[in-house]
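File shown here: run27.csv, holding CSV, C-alpha atoms.
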chain,number,residue,atom,x,y,z
B,1,MET,CA,-20.8,33.3,71.8
B,2,SER,CA,-22.4,30.7,74.0
B,3,GLY,CA,-25.7,29.5,72.5
B,4,THR,CA,-24.8,30.6,69.0
B,5,VAL,CA,-25.9,28.0,66.4
B,6,VAL,CA,-23.2,27.1,63.8
B,7,VAL,CA,-24.2,24.6,61.2
B,8,VAL,CA,-22.0,23.2,58.4
B,9,ARG,CA,-22.9,20.4,56.0
B,10,SER,CA,-20.0,18.0,56.0
B,11,GLY,CA,-19.9,16.5,52.5
B,12,TYR,CA,-17.9,13.6,54.0
B,13,GLY,CA,-18.5,9.9,54.2
B,14,ASN,CA,-21.7,8.5,55.7
B,15,GLU,CA,-20.1,6.4,58.6
B,16,GLN,CA,-23.5,6.4,60.4
B,17,ALA,CA,-26.8,6.9,58.6
B,18,GLY,CA,-28.4,10.2,59.3
B,19,SER,CA,-27.4,12.7,62.0
B,20,THR,CA,-26.7,12.1,65.7
B,21,ALA,CA,-27.0,14.6,68.5
B,22,VAL,CA,-24.8,13.9,71.6
B,23,VAL,CA,-26.7,15.8,74.4
B,24,GLY,CA,-26.3,16.0,78.1
B,25,ILE,CA,-22.8,17.3,78.0
B,26,ALA,CA,-21.9,19.1,81.2
B,27,SER,CA,-18.8,20.8,79.8
B,28,LEU,CA,-17.7,20.7,76.1
B,29,VAL,CA,-14.1,21.6,75.2
B,30,THR,CA,-14.1,22.7,71.6
B,31,ASN,CA,-10.6,24.3,71.3
B,32,ASP,CA,-12.4,27.0,69.3
B,33,PRO,CA,-12.1,30.4,71.0
B,34,ALA,CA,-15.0,31.7,69.0
B,35,GLN,CA,-17.3,29.4,70.9
B,36,GLY,CA,-18.5,29.2,74.5
B,37,ASP,CA,-16.5,31.1,77.1
B,38,GLY,CA,-14.1,32.6,74.6
B,39,SER,CA,-11.1,31.0,76.2
B,40,PRO,CA,-8.5,29.1,74.1
B,41,LEU,CA,-10.5,25.9,75.0
B,42,GLY,CA,-13.8,27.4,73.9
B,43,VAL,CA,-15.7,25.7,76.7
B,44,ILE,CA,-19.5,25.4,76.3
B,45,ARG,CA,-21.5,24.5,79.4
B,46,GLU,CA,-24.7,22.3,79.2
B,47,ALA,CA,-23.7,21.5,75.6
B,48,ALA,CA,-24.6,19.3,72.7
B,49,VAL,CA,-22.8,18.2,69.5
B,50,VAL,CA,-24.4,17.1,66.2
B,51,ILE,CA,-22.6,14.6,64.0
B,52,GLU,CA,-23.2,13.7,60.4
B,53,GLY,CA,-21.0,10.9,58.9
B,54,ASP,CA,-17.6,11.3,60.3
B,55,ARG,CA,-17.8,15.1,60.9
B,56,ILE,CA,-19.2,17.5,63.5
B,57,VAL,CA,-21.8,19.8,61.9
B,58,TRP,CA,-23.1,21.7,65.0
B,59,THR,CA,-22.0,22.6,68.5
B,60,GLY,CA,-23.8,24.8,71.0
B,61,GLU,CA,-25.9,24.7,74.1
B,62,SER,CA,-28.3,21.8,74.5
B,63,ALA,CA,-31.3,24.1,74.6
B,64,GLY,CA,-30.7,25.0,70.9
B,65,VAL,CA,-29.8,21.6,69.5
B,66,PRO,CA,-31.4,21.0,66.1
B,67,VAL,CA,-33.6,17.9,65.4
B,68,THR,CA,-31.5,14.9,64.4
B,69,ASP,CA,-32.2,11.3,63.4
B,70,HIS,CA,-30.5,9.8,66.5
B,71,VAL,CA,-29.8,11.1,70.1
B,72,SER,CA,-27.0,9.9,72.4
B,73,ASP,CA,-27.0,11.0,76.0
B,74,ALA,CA,-23.6,11.9,77.6
B,75,GLY,CA,-25.2,11.7,81.0
B,76,GLY,CA,-23.8,14.9,82.4
B,77,ARG,CA,-20.2,14.0,81.6
B,78,ALA,CA,-17.5,16.4,80.3
B,79,VAL,CA,-16.5,15.9,76.6
B,80,VAL,CA,-13.1,16.8,75.2
B,81,PRO,CA,-11.5,16.3,71.8
B,82,GLY,CA,-9.9,13.0,71.1
B,83,PHE,CA,-6.2,13.1,72.2
B,84,VAL,CA,-3.6,13.5,69.4
B,85,ASP,CA,-0.5,11.5,70.2
B,86,SER,CA,2.0,12.9,67.7
B,87,HIS,CA,5.1,10.9,68.9
B,88,SER,CA,5.3,7.2,69.5
B,89,HIS,CA,7.5,4.2,68.7
B,90,LEU,CA,5.0,1.3,68.5
B,91,VAL,CA,6.6,-1.0,65.9
B,92,PHE,CA,8.9,-3.1,68.1
B,93,ALA,CA,9.3,-6.5,69.7
B,94,GLY,CA,10.7,-7.6,73.0
B,95,ASP,CA,10.8,-6.2,76.5
B,96,ARG,CA,13.2,-4.1,78.5
B,97,THR,CA,11.8,-4.7,82.0
B,98,GLU,CA,15.2,-5.6,83.5
B,99,GLU,CA,16.7,-2.3,82.2
B,100,PHE,CA,13.9,-0.3,83.8
B,101,ALA,CA,14.1,-2.2,87.1
B,102,ALA,CA,17.8,-1.6,87.2
B,103,ARG,CA,17.5,2.1,86.5
B,104,MET,CA,14.8,2.5,89.1
B,105,SER,CA,16.9,0.6,91.6
B,106,GLY,CA,20.1,2.5,91.0
B,107,ARG,CA,21.9,-0.6,89.7
B,108,PRO,CA,24.3,-0.6,86.7
B,109,TYR,CA,22.9,-2.4,83.7
B,110,SER,CA,25.0,-3.3,80.7
B,111,ALA,CA,22.4,-4.6,78.2
B,112,GLY,CA,22.1,-2.9,74.9
B,113,GLY,CA,19.3,-0.4,75.3
B,114,ILE,CA,17.9,0.4,71.9
B,115,ARG,CA,20.1,-2.3,70.4
B,116,THR,CA,18.2,-4.9,72.5
B,117,THR,CA,15.0,-3.8,70.9
B,118,VAL,CA,16.6,-3.7,67.4
B,119,ALA,CA,17.6,-7.4,67.8
B,120,ALA,CA,14.2,-8.5,68.9
B,121,THR,CA,12.4,-6.5,66.2
B,122,ARG,CA,14.6,-7.9,63.5
B,123,ALA,CA,13.8,-11.4,64.7
B,124,ALA,CA,10.0,-10.8,64.9
B,125,SER,CA,7.6,-11.6,62.1
B,126,ASP,CA,5.5,-9.0,60.4
B,127,GLU,CA,2.4,-10.6,62.0
B,128,ALA,CA,3.9,-10.3,65.5
B,129,LEU,CA,4.9,-6.7,64.9
B,130,SER,CA,1.4,-5.8,63.6
B,131,ALA,CA,-0.3,-7.5,66.5
B,132,ASN,CA,1.9,-5.6,68.9
B,133,VAL,CA,1.0,-2.3,67.3
B,134,ALA,CA,-2.7,-3.2,67.4
B,135,ARG,CA,-2.5,-4.1,71.1
B,136,TYR,CA,-1.0,-0.8,72.1
B,137,LEU,CA,-3.3,1.2,69.8
B,138,ALA,CA,-6.3,-0.5,71.4
B,139,GLU,CA,-4.9,0.4,74.8
B,140,ALA,CA,-4.4,4.0,73.8
B,141,LEU,CA,-7.9,4.2,72.3
B,142,ARG,CA,-9.4,3.1,75.6
B,143,GLN,CA,-7.6,6.1,77.1
B,144,GLY,CA,-9.0,8.5,74.6
B,145,THR,CA,-6.3,8.7,71.9
B,146,THR,CA,-8.0,8.9,68.5
B,147,THR,CA,-5.1,10.1,66.3
B,148,PHE,CA,-1.6,8.9,66.6
B,149,GLU,CA,1.8,9.0,64.9
B,150,THR,CA,4.3,6.1,65.0
B,151,LYS,CA,7.8,5.5,63.7
B,152,SER,CA,10.3,3.0,62.5
B,153,GLY,CA,13.7,3.0,64.1
B,154,TYR,CA,14.1,-0.5,65.5
B,155,GLY,CA,15.0,-2.2,62.3
B,156,LEU,CA,18.0,-0.2,61.0
B,157,THR,CA,18.4,-2.3,57.9
B,158,VAL,CA,16.8,-1.4,54.5
B,159,GLU,CA,14.6,-4.5,54.7
B,160,ASP,CA,13.6,-4.1,58.4
B,161,GLU,CA,13.0,-0.4,58.3
B,162,ALA,CA,10.8,-0.8,55.2
B,163,ARG,CA,8.8,-3.6,56.7
B,164,CYS,CA,8.3,-1.7,60.0
B,165,LEU,CA,6.9,1.2,58.0
B,166,ARG,CA,4.6,-1.2,56.1
B,167,VAL,CA,3.3,-2.5,59.4
B,168,ALA,CA,2.8,1.1,60.8
B,169,ALA,CA,1.1,2.2,57.6
B,170,ALA,CA,-1.5,-0.5,58.0
B,171,HIS,CA,-2.6,1.2,61.3
B,172,THR,CA,-2.2,4.9,60.7
B,173,ASP,CA,-1.6,7.6,58.1
B,174,GLU,CA,0.9,9.4,60.4
B,175,VAL,CA,4.0,7.3,59.7
B,176,THR,CA,7.5,8.5,60.3
B,177,TYR,CA,10.7,7.2,58.8
B,178,LEU,CA,13.3,7.0,61.6
B,179,GLY,CA,16.1,5.1,60.1
B,180,ALA,CA,18.3,7.6,61.9
B,181,HIS,CA,17.4,6.5,65.4
B,182,ILE,CA,20.9,5.3,66.2
B,183,VAL,CA,23.7,4.1,64.1
B,184,ALA,CA,23.1,0.4,63.2
B,185,PRO,CA,25.4,-2.0,65.1
B,186,GLU,CA,26.9,-3.2,61.8
B,187,TYR,CA,28.0,0.4,61.1
B,188,ALA,CA,29.5,1.1,64.5
B,189,ASP,CA,32.9,1.8,63.0
B,190,ASP,CA,31.5,3.6,59.9
B,191,PRO,CA,28.8,6.1,61.0
B,192,ALA,CA,29.3,8.1,57.8
B,193,GLY,CA,28.5,4.9,55.8
B,194,TYR,CA,25.3,4.5,57.8
B,195,VAL,CA,24.2,8.0,57.0
B,196,ASP,CA,24.8,7.2,53.3
B,197,LEU,CA,22.6,4.1,53.7
B,198,VAL,CA,19.9,6.1,55.5
B,199,THR,CA,19.9,8.9,52.9
B,200,GLY,CA,20.2,6.4,50.0
B,201,PRO,CA,18.8,2.9,49.6
B,202,MET,CA,17.0,2.9,52.9
B,203,LEU,CA,15.2,6.1,52.2
B,204,ASP,CA,14.3,4.9,48.7
B,205,ALA,CA,12.7,1.7,50.2
B,206,CYS,CA,11.0,3.6,53.1
B,207,ALA,CA,9.7,6.8,51.6
B,208,PRO,CA,6.6,5.2,49.9
B,209,TYR,CA,5.2,4.2,53.3
B,210,ALA,CA,5.9,7.4,55.3
B,211,ARG,CA,4.7,11.0,55.6
B,212,TRP,CA,7.5,12.2,57.9
B,213,VAL,CA,11.3,11.9,58.2
B,214,ASP,CA,12.9,12.1,61.7
B,215,VAL,CA,16.4,11.9,63.2
B,216,PHE,CA,17.7,11.5,66.7
B,217,CYS,CA,20.0,14.6,66.8
B,218,GLU,CA,22.0,14.1,70.0
B,219,ARG,CA,25.5,13.4,71.2
B,220,GLY,CA,26.1,9.7,70.7
B,221,ALA,CA,23.5,9.5,67.8
B,222,PHE,CA,23.6,12.0,64.9
B,223,ASP,CA,25.3,15.4,65.0
B,224,GLY,CA,23.9,18.5,63.3
B,225,ASP,CA,25.6,17.9,60.0
B,226,ALA,CA,24.4,14.3,59.7
B,227,ALA,CA,20.9,15.3,60.8
B,228,ARG,CA,20.8,18.0,58.2
B,229,ALA,CA,21.8,15.6,55.5
B,230,ILE,CA,19.2,13.1,56.6
B,231,LEU,CA,16.3,15.5,56.9
B,232,THR,CA,17.2,17.3,53.6
B,233,ALA,CA,17.3,13.9,51.8
B,234,GLY,CA,13.9,13.1,53.2
B,235,ARG,CA,12.5,16.3,52.0
B,236,THR,CA,13.7,15.5,48.4
B,237,LYS,CA,11.4,12.4,48.7
B,238,GLY,CA,8.5,14.5,49.8
B,239,LEU,CA,8.8,13.7,53.5
B,240,VAL,CA,8.3,16.4,56.1
B,241,PRO,CA,10.9,16.8,58.8
B,242,ARG,CA,10.5,16.3,62.5
B,243,VAL,CA,13.4,16.1,65.0
B,244,HIS,CA,14.3,14.3,68.2
B,245,ALA,CA,16.0,17.4,69.7
B,246,ASN,CA,17.7,18.5,72.9
B,247,GLN,CA,16.6,15.5,75.0
B,248,LEU,CA,19.9,14.6,76.6
B,249,GLY,CA,21.6,17.9,76.5
B,250,HIS,CA,22.1,21.2,74.7
B,251,GLY,CA,22.7,20.7,71.0
B,252,PRO,CA,21.8,21.8,67.5
B,253,GLY,CA,18.5,19.9,67.1
B,254,VAL,CA,16.0,22.6,67.9
B,255,GLN,CA,17.7,25.3,65.8
B,256,LEU,CA,18.0,22.8,62.9
B,257,ALA,CA,14.3,21.9,63.2
B,258,VAL,CA,13.2,25.6,63.0
B,259,GLU,CA,15.6,26.3,60.2
B,260,LEU,CA,14.2,23.4,58.1
B,261,ASP,CA,10.6,24.3,59.1
B,262,ALA,CA,10.2,20.9,60.8
B,263,ALA,CA,6.7,20.2,62.0
B,264,SER,CA,8.0,19.5,65.5
B,265,ALA,CA,11.1,19.5,67.7
B,266,ASP,CA,10.4,16.6,70.1
B,267,HIS,CA,11.6,16.4,73.8
B,268,CYS,CA,13.1,20.0,74.1
B,269,THR,CA,14.3,19.2,77.6
B,270,HIS,CA,17.5,21.3,77.5
B,271,LEU,CA,17.0,24.6,75.8
B,272,THR,CA,19.0,27.9,75.6
B,273,ASP,CA,17.3,31.2,75.3
B,274,ALA,CA,18.1,31.2,71.6
B,275,ASP,CA,16.3,27.8,71.2
B,276,VAL,CA,13.2,29.1,73.0
B,277,ASP,CA,13.2,32.3,70.9
B,278,ALA,CA,13.6,30.3,67.7
B,279,LEU,CA,10.6,28.1,68.6
B,280,ALA,CA,8.5,31.1,69.5
B,281,ALA,CA,9.3,32.8,66.2
B,282,GLY,CA,8.8,29.8,63.9
B,283,ARG,CA,6.0,27.4,63.3
B,284,THR,CA,7.8,24.3,64.6
B,285,VAL,CA,5.9,22.8,67.5
B,286,ALA,CA,7.8,22.0,70.7
B,287,THR,CA,6.5,18.5,71.5
B,288,LEU,CA,7.1,17.6,75.2
B,289,LEU,CA,7.3,14.0,76.3
B,290,PRO,CA,7.0,13.8,80.1
B,291,GLY,CA,6.8,10.0,80.1
B,292,ALA,CA,10.4,9.9,79.2
B,293,GLU,CA,11.5,12.1,82.1
B,294,PHE,CA,9.2,10.1,84.5
B,295,SER,CA,10.8,6.8,83.4
B,296,THR,CA,14.4,8.0,83.4
B,297,ARG,CA,14.3,10.5,86.3
B,298,ALA,CA,15.7,13.1,84.0
B,299,PRO,CA,15.0,16.8,84.4
B,300,TRP,CA,11.5,17.9,83.4
B,301,PRO,CA,11.1,20.1,80.3
B,302,ASP,CA,10.2,23.7,81.2
B,303,ALA,CA,6.8,24.1,79.5
B,304,ARG,CA,6.1,27.4,81.3
B,305,ARG,CA,9.2,29.0,79.7
B,306,LEU,CA,8.1,27.9,76.2
B,307,LEU,CA,4.5,29.0,76.7
B,308,ASP,CA,5.4,32.4,78.2
B,309,ALA,CA,7.7,33.0,75.1
B,310,GLY,CA,4.8,32.2,72.8
B,311,ALA,CA,5.9,28.9,71.4
B,312,THR,CA,3.3,26.3,70.4
B,313,VAL,CA,3.5,23.2,72.7
B,314,ALA,CA,2.3,19.7,72.2
B,315,LEU,CA,2.1,16.8,74.7
B,316,SER,CA,2.6,13.2,73.7
B,317,THR,CA,3.5,9.9,75.2
B,318,ASP,CA,6.7,8.8,73.4
B,319,CYS,CA,5.4,5.3,73.9
B,320,ASN,CA,8.4,3.0,73.5
B,321,PRO,CA,9.8,-0.1,75.3
B,322,GLY,CA,12.9,1.6,76.7
B,323,SER,CA,12.3,5.1,78.1
B,324,SER,CA,8.6,5.8,78.2
B,325,PHE,CA,6.5,2.7,78.1
B,326,THR,CA,3.1,4.4,78.5
B,327,SER,CA,0.3,4.8,76.1
B,328,SER,CA,-1.7,7.1,78.4
B,329,VAL,CA,-2.1,10.7,77.3
B,330,PRO,CA,-4.1,11.5,80.5
B,331,PHE,CA,-1.0,10.4,82.5
B,332,CYS,CA,1.2,12.8,80.5
B,333,VAL,CA,-1.4,15.6,81.1
B,334,ALA,CA,-1.2,15.0,84.8
B,335,LEU,CA,2.7,15.1,84.7
B,336,ALA,CA,2.7,18.3,82.7
B,337,VAL,CA,0.5,20.0,85.2
B,338,ARG,CA,2.2,18.7,88.3
B,339,ASP,CA,5.9,19.0,87.2
B,340,MET,CA,6.2,21.1,84.0
B,341,GLY,CA,4.4,24.4,85.0
B,342,MET,CA,1.3,23.9,82.8
B,343,THR,CA,-2.2,24.8,83.8
B,344,PRO,CA,-4.9,22.1,83.3
B,345,ASP,CA,-6.3,24.1,80.3
B,346,GLU,CA,-2.8,24.4,78.7
B,347,ALA,CA,-2.1,20.7,79.1
B,348,LEU,CA,-5.3,19.6,77.6
B,349,TRP,CA,-4.9,22.0,74.7
B,350,ALA,CA,-1.3,20.7,74.1
B,351,ALA,CA,-2.6,17.1,74.1
B,352,THR,CA,-5.3,17.8,71.6
B,353,ALA,CA,-4.9,20.9,69.4
B,354,GLY,CA,-1.1,21.0,70.1
B,355,GLY,CA,-0.7,17.4,68.9
B,356,ALA,CA,-2.8,18.3,65.8
B,357,ALA,CA,-0.5,21.3,65.1
B,358,ALA,CA,2.6,19.0,65.4
B,359,LEU,CA,1.0,16.8,62.7
B,360,ARG,CA,0.0,19.9,60.7
B,361,ARG,CA,-3.6,19.0,60.8
B,362,ASP,CA,-6.7,21.0,61.4
B,363,ASP,CA,-9.3,18.3,61.2
B,364,VAL,CA,-8.5,16.8,64.6
B,365,GLY,CA,-7.8,18.1,68.1
B,366,ARG,CA,-10.9,20.3,68.2
B,367,LEU,CA,-14.6,19.9,68.3
B,368,ALA,CA,-16.1,22.4,66.0
B,369,PRO,CA,-18.1,22.3,62.8
B,370,GLY,CA,-16.1,20.7,60.0
B,371,ALA,CA,-13.8,18.8,62.4
B,372,ARG,CA,-13.6,15.0,62.5
B,373,ALA,CA,-16.0,13.7,65.2
B,374,ASP,CA,-13.5,12.4,67.7
B,375,LEU,CA,-15.1,12.8,71.2
B,376,VAL,CA,-13.8,11.6,74.6
B,377,LEU,CA,-16.4,11.4,77.4
B,378,LEU,CA,-15.0,11.7,80.9
B,379,ASP,CA,-16.6,10.4,84.1
B,380,ALA,CA,-16.2,13.9,85.5
B,381,PRO,CA,-17.9,17.3,85.2
B,382,SER,CA,-14.8,19.0,83.8
B,383,HIS,CA,-11.6,18.3,81.9
B,384,VAL,CA,-9.6,19.6,84.9
B,385,HIS,CA,-10.2,16.2,86.5
B,386,LEU,CA,-7.6,14.7,84.1
B,387,ALA,CA,-4.9,16.4,86.3
B,388,TYR,CA,-7.0,16.6,89.5
B,389,ARG,CA,-7.5,12.8,89.6
B,390,PRO,CA,-4.2,11.4,88.2
B,391,GLY,CA,-4.2,7.7,87.5
B,392,VAL,CA,-8.0,7.3,87.6
B,393,PRO,CA,-9.5,5.8,84.5
B,394,LEU,CA,-11.8,8.7,83.7
B,395,VAL,CA,-12.4,7.9,80.0
B,396,ALA,CA,-15.9,6.5,80.0
B,397,GLY,CA,-16.5,6.5,76.2
B,398,VAL,CA,-14.8,7.4,72.9
B,399,TRP,CA,-16.2,8.4,69.5
B,400,ARG,CA,-13.9,8.2,66.6
B,401,ALA,CA,-14.8,9.5,63.1
B,402,GLY,CA,-18.5,9.7,64.1
B,403,ARG,CA,-18.7,6.2,65.6
B,404,PRO,CA,-18.7,5.1,69.3
B,405,VAL,CA,-15.6,2.9,69.4
B,406,VAL,CA,-15.4,2.7,73.2
B,407,PRO,CA,-19.0,2.4,74.4
B,408,LEU,CA,-20.1,4.0,77.6
B,409,GLY,CA,-19.5,1.6,80.5

Before we go any further, please render this structure as structure tokens.
Amino acid sequence: MSGTVVVVRSGYGNEQAGSTAVVGIASLVTNDPAQGDGSPLGVIREAAVVIEGDRIVWTGESAGVPVTDHVSDAGGRAVVPGFVDSHSHLVFAGDRTEEFAARMSGRPYSAGGIRTTVAATRAASDEALSANVARYLAEALRQGTTTFETKSGYGLTVEDEARCLRVAAAHTDEVTYLGAHIVAPEYADDPAGYVDLVTGPMLDACAPYARWVDVFCERGAFDGDAARAILTAGRTKGLVPRVHANQLGHGPGVQLAVELDAASADHCTHLTDADVDALAAGRTVATLLPGAEFSTRAPWPDARRLLDAGATVALSTDCNPGSSFTSSVPFCVALAVRDMGMTPDEALWAATAGGAAALRRDDVGRLAPGARADLVLLDAPSHVHLAYRPGVPLVAGVWRAGRPVVPLG
């Protein structure tokens, strides 16, 4: 349907007076198969986009662009939807450089892992935590991330989990309660008591600030029964489940996520055929986090297996100070193509529309009439360069909600 004019009046806020046409786009990825080349990416060549307020109201070939109040020239660059990072852990303090260096050097390291970050986070002020979140969000925005989720999980007391979520909620609407990250050190000898805390007073304090409830369902963290209790309790408070599942080994996490209609099962590194079939049959998104495998030298998730089975796959950073300290979705796209069996098209879809699916949103992750105007301009003629030129800072400009937030350099 290349060249077809589709116009929608947005009815949304007037973030920028009048309408703006972004022209001179060499290749526009819409993630709308009804547009352009008819592929899942809906690529339109020699394209333009029209924005009113915070929404896209028209996409098509530049030759047919309607008259607008303003014009912005993309200069022959490719344009893709803003990246949707549906899994991150940004509310933390401290640093685990020594742990990473020891791991990469093959040396034993006896520090506390997540517990190290818990201690530093508890000791940090709200202002310090908020400044840290803002720092990494600005870093991610410069690399094209326009929508992100982030979690608690480094407080593990009622007060600290609630304040971490308050901090997160000041920066994003996609906030996840992860009191069940690990058993708090104070409850090392009473894990059942900690589950009672997470499903009781801690949940009561945290639910007002969160949209999601999550649990680390792994050996050494929370087993299937505990995870079920935590997720079910969260649902009674109106929180939607998501699950850290099958990262370290085979376990019940994926099956539990599908059974409870969780929005996503995250990591999915170790899957049985039954796990893959369950993900393909349900609407739970398999969110893959290759930064974690890169930083821990663990086996790569088999994205090809999931895609061939018909599962919906998302790509996210898992940005955290211990196992995946990257905020770069383009880096994760390159890893997915190089080491996880994804094509460049599949990886980009997973990092945009896939992330939106993992957050159960249809207003982001695509560039079509009615969607939020989140555009990433690449210093390249095609999105394929995200994997073709790994490590190169290709993001030349970013529009978020109809505004240029990273101006063209």

- [ ] List every protein, DNA or RNA residue that has at least one atom no more than 7 Å from (-9.5, 9.2, 80.0) in the file's coordinates, counting all atoms listed in the file, and write the result as a PyMOL selection string.
- [x] chain B and resi 143-144+330+378+393-396

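In terms of minimum interatomic distance to Leu288 in chain B, B:Asp85 ranks closest within B:Gly53, B:Asp173, B:Asp85, B:Asp374, counting all atoms listed in the file.
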
Task: Point-to-point distance from CA of Arg45 in chain B to CA of Pro66 in chain B, Å rounded to tenths - done: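 Separation of CA of Arg45 in chain B and CA of Pro66 in chain B: 16.9 Å.
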
- [ ] To one decimal in Å, tell me the separation between CA of Val195 in chain B and CA of Thr236 in chain B.
- [x]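 Separation between CA of Val195 in chain B and CA of Thr236 in chain B: 15.5 Å.
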
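Near Thr272 in chain B, within 10 Å and counting all atoms listed in the file, sit Asn246, His250, Gly251, Val254, Cys268, Val276, Asp277 and Ala278 of chain B; same-chain residues fewer than 4 positions away were not included.
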
Open item on the list: Just checking: using all atoms listed in the file, which residue out of B:Pro299, B:Ala351, B:His385, B:Gly249 ends up closest to Thr145 in chain B?
Closed with: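 The closest residue to Thr145 in chain B is B:Ala351.
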
TODO: Select, from B:Val118, B:Asp214, B:Val29, B:Ala134, the residue with the minimum atom-to-atom distance to Leu348 in chain B, counting only C-alpha atoms.
DONE: B:Val29

- [ ] Find, counting all atoms listed in the file, the residue in B:Arg107, B:Ala93, B:Tyr187, B:Gly200 that gets nearest to Ser152 in chain B.
- [x] B:Ala93

- [ ] Could you please determine the separation between CA of Gly24 in chain B and CA of Val71 in chain B in Å, to one decimal place?
- [x] 10.0 Å

- [ ] Check the smallest atom-to-atom distance from each of B:Arg360, B:Ala169, B:Asp95, B:Ala233 to Ala262 in chain B using all atoms listed in the file, then report the winner.
- [x]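 The shortest atom-to-atom distance to Ala262 in chain B comes from B:Arg360.
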
Open item on the list: Report as a PyMOL selection string all protein, DNA and RNA residues lying within 7 Å of range 219-232 of chain B, evaluated on all atoms listed in the file, omitting residues in the same chain fewer than 4 positions from it.
Closed with: chain B and resi 182-183+195+199+213-215+236+241+252-253

Open item on the list: List as a VMD selection string the protein and nucleic acid residues near range 40-43 of chain B, meaning an atom at most 10 Å away when all atoms listed in the file are counted, but skip any in the same chain fewer than 4 places from it.
Closed with: chain B and resid 1 to 2 27 to 36 47 60 79 to 80 345 to 346 348 to 349 353 366 to 368 382 to 383

Task: Among the residues B:Lys237, B:Asp362, B:Ala138, B:Leu377, the one that comes closest to Leu408 in chain B [using only C-alpha atoms] - done: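 For Leu408 in chain B, the nearest of the given residues is B:Leu377.
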
List every residue of range 191-299 of chain B that has an atom at most 7 Å from any atom of range 313-327 of chain B, giving for each one its closest atom pair and the distance in Å to one decimal, counting only C-alpha atoms, sorted by chain and then by ascending residue number, as JSON lines.
{"residue": "B:Val285", "atom": "CA", "partner": "B:Val313", "partner_atom": "CA", "distance": 5.7}
{"residue": "B:Ala286", "atom": "CA", "partner": "B:Val313", "partner_atom": "CA", "distance": 4.9}
{"residue": "B:Thr287", "atom": "CA", "partner": "B:Ala314", "partner_atom": "CA", "distance": 4.4}
{"residue": "B:Leu288", "atom": "CA", "partner": "B:Leu315", "partner_atom": "CA", "distance": 5.1}
{"residue": "B:Leu289", "atom": "CA", "partner": "B:Ser316", "partner_atom": "CA", "distance": 5.4}
{"residue": "B:Gly291", "atom": "CA", "partner": "B:Ser324", "partner_atom": "CA", "distance": 4.9}
{"residue": "B:Ala292", "atom": "CA", "partner": "B:Ser324", "partner_atom": "CA", "distance": 4.6}
{"residue": "B:Ser295", "atom": "CA", "partner": "B:Ser324", "partner_atom": "CA", "distance": 5.7}
{"residue": "B:Thr296", "atom": "CA", "partner": "B:Ser323", "partner_atom": "CA", "distance": 6.4}

Restrict the selected residues to C-alpha atoms and save them as a short mmCIF file (atom, residue, chain, number, x, y, z; two decimals), in the coordinates of the input.
data_model
loop_
_atom_site.label_atom_id
_atom_site.label_comp_id
_atom_site.auth_asym_id
_atom_site.auth_seq_id
_atom_site.Cartn_x
_atom_site.Cartn_y
_atom_site.Cartn_z
CA VAL B 285 5.90 22.80 67.50
CA ALA B 286 7.80 22.00 70.70
CA THR B 287 6.50 18.50 71.50
CA LEU B 288 7.10 17.60 75.20
CA LEU B 289 7.30 14.00 76.30
CA GLY B 291 6.80 10.00 80.10
CA ALA B 292 10.40 9.90 79.20
CA SER B 295 10.80 6.80 83.40
CA THR B 296 14.40 8.00 83.40
#

So that all listed atoms of range 151-158 of chain B fit with 5 Å spare on each side, what axis-aligned box centre and edge lengths in Å, to one decimal, would you give as lines of an AutoDock Vina configuration file?
center_x = 13.1
center_y = 1.6
center_z = 60.0
size_x = 20.6
size_y = 17.8
size_z = 21.0
